[in-house]
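Notes for the one structure printed next.
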Amino acid sequence: MLVGAFPVTYGQDAALAQHIQKPNIIFILTDDLGYGDVGVFFQNQRQNINDRSEPWVLTPNLDKMAADGAVLTQHYAAAPVCAPSRASLLTGLSQGHANVRNGQFDKALTDNHTMANVLKKVGYNTAAIGKWGLMGSNRWSENGDSWPAHPLNRGFDYYYGYMRHVDGHEHYPKEGLYRGAKEVYENKNEVSKGLDKCYTGDLWTAVAKKWIVEQTQGQEAGQPFFLYLAFDTPHAVLELPTQAYPEGRGLNGGLQWIGKPGEMINTASGEIDSWVHPDYNVATYDNDNDPSSPEVSWPNVYKRYATTTRRLDNQVGDIMQLLADLDIDDNTLVVFSSDNGPSIESYLENEPYEANFFNSFGPFNGIKRDVLEGGERVPTVARWPNRIPAGRIVSSPSISYDWLPTFTEAAGYPAPINGDGVSLIPALTGEGQSEESMIYVEYSQSQKSPNYEEFAPNNRNRLRKEMQMMRLGNIVGLRYNIQSANDDFELYNVITDKQQANNLAGNTNMVGLQKTFKERVLQVRMPNATAKRPYDEEMVPAVAAIGLKNGLKWSAYTNAAPWLPQIHSLSSKASGIVAKPSFKHIKTNGKEIYSFQGFIKVPADGEYSFYVKSENKTFLRIHDASIIDADYGYTYGTTKQGTIKLKQGYHPIKIFYGSDDHRINRLVLSWSGPSFSKEEVPESVFFIR
């Protein structure tokens with residue numbers, strides 16, 4: 001046994017964390033904006049080629065943001081549709097662990113760590129503006145009890161927007177032109193009565209600007225803020241604004257909050273659903289791919305879509321200028337992204353919308369609801385002048401649940417232990433060593449992918465049903481219409497084969513990788529009874545392990561975080577070997593984190609239940625599956641249970657424990673299995689290399 005102290009590294013020292021100048025953080029999330037919809041990602045290439053049969057749109061403000069910061073060319077959404085994607089984003093959990101999966105719209109976001117409550121705990125003012133759809137009910141009562149996952153109950157200090165998912169299908173809440181009138185809430189008060197002629201993209205932007213200004217004045221001045229700005233455009237009904245974007249930008253121009261019922265914002269006048277951007281109002285294209293014939297006007301539905309995306313671009317530019325006007329842009333981290341790939345919805349009578357008019361899916365195949373690259377890759381830009389070099393290209397794969405640990409590191413703290421993501425700070429700044437993101441998606445939907453000629457033949461009209469995607473290195477493993485855990489993965493090198501046209505699974509050198517994918521997807525997830533999968537009953541495979549000896553390695557780390565933290569960025573201050581997860585032979589010292597890591601030998605195939613009884617916060621993983629979460633909201637001294645199906649053999653096990661100055665360190669790990677009842681896990685089944 002070794003007990004000792006070593007130099008503390010970044011993220012461990014409480015005084016250091018408290019004195020770091022925490023950046024303001026703004027996360028701008030668009031709804032159904034495709035990778036190919038943004039100039040710097042794809043549309044500028046179309047403009048440069050100047051093929052008149054391939055129309056293009058412009059996003060000058062986003063292009064400038066990209067030039068000033070980092071472009072993430074291989075960033076994935078956590079799911080190919082909004083509710084599960086947003087749930088994973090906000091909680092830092094993959095779709096193998098998130099409680100909202102598939103099309104579970106309006107389901108309550110789990111009561112656990114969120115972007116908002118972790119940042120709030122370290123001194124941030126927090127706000128959510130725009131689309132929510134994760135509140136837990138379609139009803140509302142005066143005391144708010146029927147919406148348990150209201151943003152105010154998930155770490156946000158302020159909320160303004162659409163509570164219900166379905167409301168985001170209409171962009172004029174009071175008039176309800178195409179989908180009926182909708183409700184808008186400010187905190188827990190319904191406020192749509194005064195929102196005459198308020199186009200939601202403009203409304204959310206004006207409210208966001210007003211809130212940001214408030215953070216720089218009076219009592220709030222000097223305190224860092226986190227804003228989650230979730231647009232409901234260009235999603236669904238392709239409604240138009242009332243008028244041109246107001247002159248100027250920022251503090252004294254652009255969109256402004258007026259606050260007068262009937263004129264809440266400065267574009268709440270004129271004719272609703274009327275204004276087409278002049279660049280697109282007169283736009284023509286070669287519709288028959290015959291340069292000798294006259295060009296024709298863009299169909300109305302595509303003028304609308306282009307106007308909507310250009311409006312989003314203006315809204316982002318307006319906010320960026322506001323940060324400059326307030327002299328806070330240098331220390332504000334702004335991230336722009338989308339919740340999934342492009343949609344094919346318009347809700348306009350006799351005016352269908354197709355994603356291949358602008359090739360909104362970019363160079364990929366697939367759209368919203370596909371786990372193909374086109375449904376999962378999203379246009380993502382990050383700007384933080386103090387830390388991110390201008391013009392940076394981040395080509396390493398990442399995924400949306402990486403943002404929660406990214407933001408906690410930016411604030412000076414390690415991320416909560418339950419998360420599946422890694423911090424992107426090293427990749428964004430070029431400083432430090434990046435960890436590899438775990439790219440994993442599961443989703444179920446009964447429709448088919450589009451029959452677009454732009455897609456490779458194997459990806460046209462694909463029946464979706466149960467789907468799964470994982471990326472290892474440059475290879476994406478893909479399964480559609482899964483029948484069982486034995487189904488082979490299609491394997492694609494998505495660097496050289498962006499369309500996923502050349503399935504490498506038949507190559508002899510891919511046999512080992514095929515096995516790895518089948519095993520790995522079972523090791524990173526937990527089944528969810530509300531979203532059953534064909535592979536839920538499959539037992540998690542063991543790992544090859546030779547040269548093992550009994551015991552577990554323990555390590556101790558100083559903890560400055562107000563939660564049980566991930567230990568990736570921490571340096572061990574003491575370590576040793578023990579026979580089992582216990583503090584009998586460990587000298588503890590104050591507020592520390594302890595990890596116990598090694599292997600557990602499972603005696604036979606079957607279902608195993610694990611039980612933790614602890615006097616402090618505890619977390620148990622087997623492989624990368626989260627078995628027991630006794631961190632957030634844990635009642636000390638109670639027993640928490642988790643169940644997993646395991647194959648006979650050796651399985652990696654990790655137990656994390658957060659000690660406290662005022663509590664005895666006590667931990668009991670028990671289990672039950674197919675041939676024995678509940679008992680404390682014996683020392684004889686723990687191993688290390």
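Residues in the structure tokens are numbered from 1 in each chain, the chains being A, B, ... in the order shown, and ligands are numbered from 1 in the order shown.
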
Can you pull out every residue within 6 Å of segment 309-317 of chain A, counting only C-alpha atoms, but drop anything in the same chain fewer than 2 positions away, and send it as a list in words? Thr59, Asn61, Ala306, Thr307, Ile319 and Met320 of chain A

Residues just named, written with N, CA and C atoms as a compact mmCIF listing (two decimals), in the first residue's frame:
# COMPACT_ATOMS: atom_id res chain seq x y z
N THR A 59 -24.66 31.96 -45.67
CA THR A 59 -24.70 32.19 -44.22
C THR A 59 -23.46 33.01 -43.82
N ASN A 61 -22.79 35.36 -41.63
CA ASN A 61 -22.45 35.56 -40.22
C ASN A 61 -21.87 34.30 -39.59
N ALA A 306 -34.78 28.90 -47.55
CA ALA A 306 -33.57 29.71 -47.64
C ALA A 306 -33.70 30.98 -46.80
N THR A 307 -34.89 31.58 -46.79
CA THR A 307 -35.12 32.78 -45.97
C THR A 307 -34.99 32.44 -44.49
N ILE A 319 -26.45 38.48 -32.20
CA ILE A 319 -25.98 38.13 -30.85
C ILE A 319 -24.47 38.31 -30.74
N MET A 320 -23.74 37.92 -31.77
CA MET A 320 -22.28 38.08 -31.73
C MET A 320 -21.90 39.55 -31.63

Step one, run DSSP on the backbone; step two, keep only residues of segment 11-186 of chain A assigned to helix (DSSP H, G or I); then write them as an MDAnalysis selection string. chainID A and resid 14:19 35:37 39:49 60:68 82:91 115:121 151:153 166:169

Fewer than 5 positions away in the same chain doesn't count, so skip those; otherwise give me all residues within 12 Å of Val296 of chain A, counting only C-alpha atoms, as a PyMOL selection string. chain A and resi 52-53+55+281-291

Residues of segment 274-518 of chain A classed as strand (DSSP E) by DSSP on the backbone are to be reported as an NGL selection string. :A and (284-285 or 296-297 or 332-338 or 380-383 or 392-394 or 398-399 or 439-448 or 463-472 or 475-479 or 490-493)

Keeping only C-alpha atoms, write the selected residues as a CSV table (one decimal), in the first residue's frame.
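Final file, out.csv:
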chain,number,residue,atom,x,y,z
A,284,THR,CA,-33.7,31.2,-60.5
A,285,TYR,CA,-32.1,27.8,-61.4
A,296,VAL,CA,-37.1,29.1,-63.7
A,297,SER,CA,-37.8,30.7,-60.2
A,332,THR,CA,-17.5,34.3,-24.1
A,333,LEU,CA,-17.5,30.8,-25.5
A,334,VAL,CA,-20.2,30.5,-28.1
A,335,VAL,CA,-21.2,27.2,-29.7
A,336,PHE,CA,-23.5,26.9,-32.7
A,337,SER,CA,-24.9,23.5,-33.7
A,338,SER,CA,-28.0,21.6,-34.7
A,380,THR,CA,-20.9,23.0,-35.5
A,381,VAL,CA,-18.8,26.1,-34.8
A,382,ALA,CA,-17.2,27.3,-31.6
A,383,ARG,CA,-15.8,30.8,-31.0
A,392,ARG,CA,-9.0,26.3,-36.5
A,393,ILE,CA,-10.3,23.1,-38.1
A,394,VAL,CA,-11.2,20.3,-35.6
A,398,SER,CA,-16.9,14.4,-31.4
A,399,ILE,CA,-20.5,14.2,-30.3
A,439,ILE,CA,-19.5,8.0,-30.7
A,440,TYR,CA,-22.6,5.8,-30.1
A,441,VAL,CA,-26.2,6.2,-31.3
A,442,GLU,CA,-29.2,4.0,-31.1
A,443,TYR,CA,-32.7,4.9,-32.4
A,444,SER,CA,-35.9,3.3,-33.7
A,445,GLN,CA,-38.3,4.6,-36.4
A,446,SER,CA,-40.5,2.8,-38.8
A,447,GLN,CA,-40.2,4.9,-42.0
A,448,LYS,CA,-37.6,4.7,-44.8
A,463,LEU,CA,-36.1,0.6,-44.0
A,464,ARG,CA,-35.1,2.0,-40.6
A,465,LYS,CA,-36.8,0.4,-37.7
A,466,GLU,CA,-34.2,-0.5,-35.0
A,467,MET,CA,-30.9,1.3,-35.9
A,468,GLN,CA,-27.5,1.5,-34.3
A,469,MET,CA,-24.3,3.4,-35.1
A,470,MET,CA,-20.9,3.4,-33.5
A,471,ARG,CA,-17.6,5.0,-34.7
A,472,LEU,CA,-14.2,3.5,-34.0
A,475,ILE,CA,-14.7,3.3,-39.3
A,476,VAL,CA,-18.5,3.6,-38.7
A,477,GLY,CA,-20.4,0.5,-37.8
A,478,LEU,CA,-24.0,0.7,-39.0
A,479,ARG,CA,-27.0,-1.5,-38.5
A,490,GLU,CA,-22.0,-2.6,-42.2
A,491,LEU,CA,-18.5,-1.1,-41.9
A,492,TYR,CA,-17.6,2.2,-43.7
A,493,ASN,CA,-14.5,4.3,-43.8

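Contact shell of Ala116 of chain A at 10 Å (only C-alpha atoms; same-chain neighbours under 3 positions omitted): Leu90, Thr91, His113, Leu119, Lys120, Lys121, Tyr124, Asn125, Thr126, Ala127, Ala128, Pro151, Leu152, Arg154, Gly155, Phe156, Asp157, Phe225, Phe226, Leu227, Tyr228 and Leu404 of chain A.
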
Quick one: everything within 8 Å of Ala87 of chain A, counting only C-alpha atoms, minus sequence neighbours fewer than 4 positions away in the same chain. Send it as number ranges by chain. A: 83, 91, 93, 98-100, 109, 134

Expected file contents, prior selection, C-alpha atoms, as a CSV table (one decimal), in the first residue's frame:
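This is the output file out-v1.csv:
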chain,number,residue,atom,x,y,z
A,83,ALA,CA,-36.1,15.0,-28.1
A,91,THR,CA,-27.3,15.7,-19.6
A,93,LEU,CA,-25.4,11.1,-21.6
A,98,ALA,CA,-30.2,8.8,-21.5
A,99,ASN,CA,-33.7,8.4,-20.2
A,100,VAL,CA,-35.3,10.0,-23.3
A,109,LEU,CA,-35.7,15.0,-18.6
A,134,LEU,CA,-38.6,17.7,-22.1

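Considering only C-alpha atoms, the residue among A:Arg377, A:His169, A:His150, A:Lys182 positioned nearest to Pro80 of chain A is A:Arg377.
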
Surrounding residues of Leu513 of chain A excluding itself and chain neighbours under 2 positions, 10 Å, only C-alpha atoms, as an NGL selection string: :A and (472 or 475 or 477 or 489 or 491 or 505 or 509-511 or 515-519)

Those selected residues, please, written with N, CA and C atoms and delivered as a short mmCIF file (atom, residue, chain, number, x, y, z; two decimals), in the first residue's frame.
data_model
loop_
_atom_site.label_atom_id
_atom_site.label_comp_id
_atom_site.auth_asym_id
_atom_site.auth_seq_id
_atom_site.Cartn_x
_atom_site.Cartn_y
_atom_site.Cartn_z
N LEU A 472 -15.51 3.85 -34.54
CA LEU A 472 -14.21 3.54 -33.95
C LEU A 472 -13.14 3.96 -34.94
N ILE A 475 -13.75 4.27 -38.90
CA ILE A 475 -14.75 3.29 -39.33
C ILE A 475 -16.04 3.47 -38.55
N GLY A 477 -19.56 1.69 -37.78
CA GLY A 477 -20.36 0.47 -37.82
C GLY A 477 -21.83 0.85 -37.82
N PHE A 489 -22.63 -5.80 -38.59
CA PHE A 489 -22.55 -4.36 -38.86
C PHE A 489 -22.06 -4.16 -40.29
N LEU A 491 -19.72 -1.81 -42.35
CA LEU A 491 -18.54 -1.07 -41.92
C LEU A 491 -18.10 -0.12 -43.03
N ALA A 505 -17.45 -4.71 -44.70
CA ALA A 505 -17.65 -5.82 -43.77
C ALA A 505 -17.22 -7.16 -44.35
N ASN A 509 -9.90 -8.63 -43.57
CA ASN A 509 -9.21 -7.90 -42.50
C ASN A 509 -10.19 -7.19 -41.56
N MET A 510 -11.48 -7.33 -41.82
CA MET A 510 -12.49 -6.68 -40.99
C MET A 510 -13.18 -7.66 -40.03
N VAL A 511 -12.80 -8.92 -40.05
CA VAL A 511 -13.45 -9.91 -39.20
C VAL A 511 -13.29 -9.56 -37.72
N LYS A 515 -16.28 -8.23 -34.86
CA LYS A 515 -16.46 -8.77 -33.51
C LYS A 515 -16.37 -7.67 -32.46
N THR A 516 -15.41 -6.76 -32.66
CA THR A 516 -15.26 -5.66 -31.72
C THR A 516 -16.51 -4.80 -31.65
N PHE A 517 -17.09 -4.46 -32.80
CA PHE A 517 -18.31 -3.66 -32.81
C PHE A 517 -19.44 -4.38 -32.07
N LYS A 518 -19.62 -5.65 -32.34
CA LYS A 518 -20.72 -6.40 -31.70
C LYS A 518 -20.55 -6.45 -30.19
N GLU A 519 -19.32 -6.53 -29.74
CA GLU A 519 -19.08 -6.56 -28.30
C GLU A 519 -19.18 -5.17 -27.70
#

Taking into account only C-alpha atoms, which residue in the set A:Lys573, A:Arg387, A:Lys498, A:Arg369 is nearest to Asn102 of chain A?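 Counting only C-alpha atoms, the residue closest to Asn102 of chain A is A:Arg369.
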
Please list as a ChimeraX atom specification every residue within 9 Å of Pro224 of chain A, counting only C-alpha atoms and excluding residues in the same chain fewer than 6 positions away. /A:21-25,123-126,215

Next, the residues of the selection above should be written as an mmCIF file, in the first residue's frame with N, CA and C atoms.
data_model
loop_
_atom_site.group_PDB
_atom_site.id
_atom_site.type_symbol
_atom_site.label_atom_id
_atom_site.label_comp_id
_atom_site.auth_asym_id
_atom_site.auth_seq_id
_atom_site.Cartn_x
_atom_site.Cartn_y
_atom_site.Cartn_z
ATOM 1 N N GLN A 21 -10.906 32.833 -14.340
ATOM 2 C CA GLN A 21 -11.918 33.708 -14.904
ATOM 3 C C GLN A 21 -12.846 32.872 -15.757
ATOM 4 N N LYS A 22 -13.968 32.549 -15.215
ATOM 5 C CA LYS A 22 -14.890 31.662 -15.905
ATOM 6 C C LYS A 22 -15.484 32.375 -17.119
ATOM 7 N N PRO A 23 -15.492 31.733 -18.265
ATOM 8 C CA PRO A 23 -16.086 32.377 -19.438
ATOM 9 C C PRO A 23 -17.600 32.338 -19.386
ATOM 10 N N ASN A 24 -18.235 33.325 -19.983
ATOM 11 C CA ASN A 24 -19.650 33.185 -20.288
ATOM 12 C C ASN A 24 -19.771 32.099 -21.354
ATOM 13 N N ILE A 25 -20.888 31.387 -21.341
ATOM 14 C CA ILE A 25 -21.090 30.286 -22.288
ATOM 15 C C ILE A 25 -22.468 30.426 -22.923
ATOM 16 N N GLY A 123 -21.306 28.894 -9.907
ATOM 17 C CA GLY A 123 -21.389 30.347 -9.930
ATOM 18 C C GLY A 123 -22.021 30.993 -11.134
ATOM 19 N N TYR A 124 -22.619 30.223 -12.027
ATOM 20 C CA TYR A 124 -23.205 30.791 -13.240
ATOM 21 C C TYR A 124 -24.677 31.150 -13.056
ATOM 22 N N ASN A 125 -25.090 32.269 -13.660
ATOM 23 C CA ASN A 125 -26.505 32.519 -13.912
ATOM 24 C C ASN A 125 -26.886 31.739 -15.170
ATOM 25 N N THR A 126 -28.075 31.147 -15.181
ATOM 26 C CA THR A 126 -28.425 30.237 -16.275
ATOM 27 C C THR A 126 -29.793 30.581 -16.849
ATOM 28 N N GLN A 215 -27.352 40.590 -17.750
ATOM 29 C CA GLN A 215 -26.241 39.943 -17.038
ATOM 30 C C GLN A 215 -25.023 40.844 -16.907
#

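Nearest to Ser569 of chain A of all the residues A:Gly374, A:Gly168, A:Pro416, A:Pro603 is A:Pro416, counting only C-alpha atoms.
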
Given the choices A:Tyr76, A:Glu615, A:Tyr452, A:Asn528, which gets closest to Pro397 of chain A if the distance is worked out from only C-alpha atoms?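 Closest to Pro397 of chain A, using only C-alpha atoms: A:Tyr76.
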
Which is closest to Glu190 of chain A among A:Leu177, A:Met163, A:Met115, A:Ile688, if we use only C-alpha atoms? A:Met163
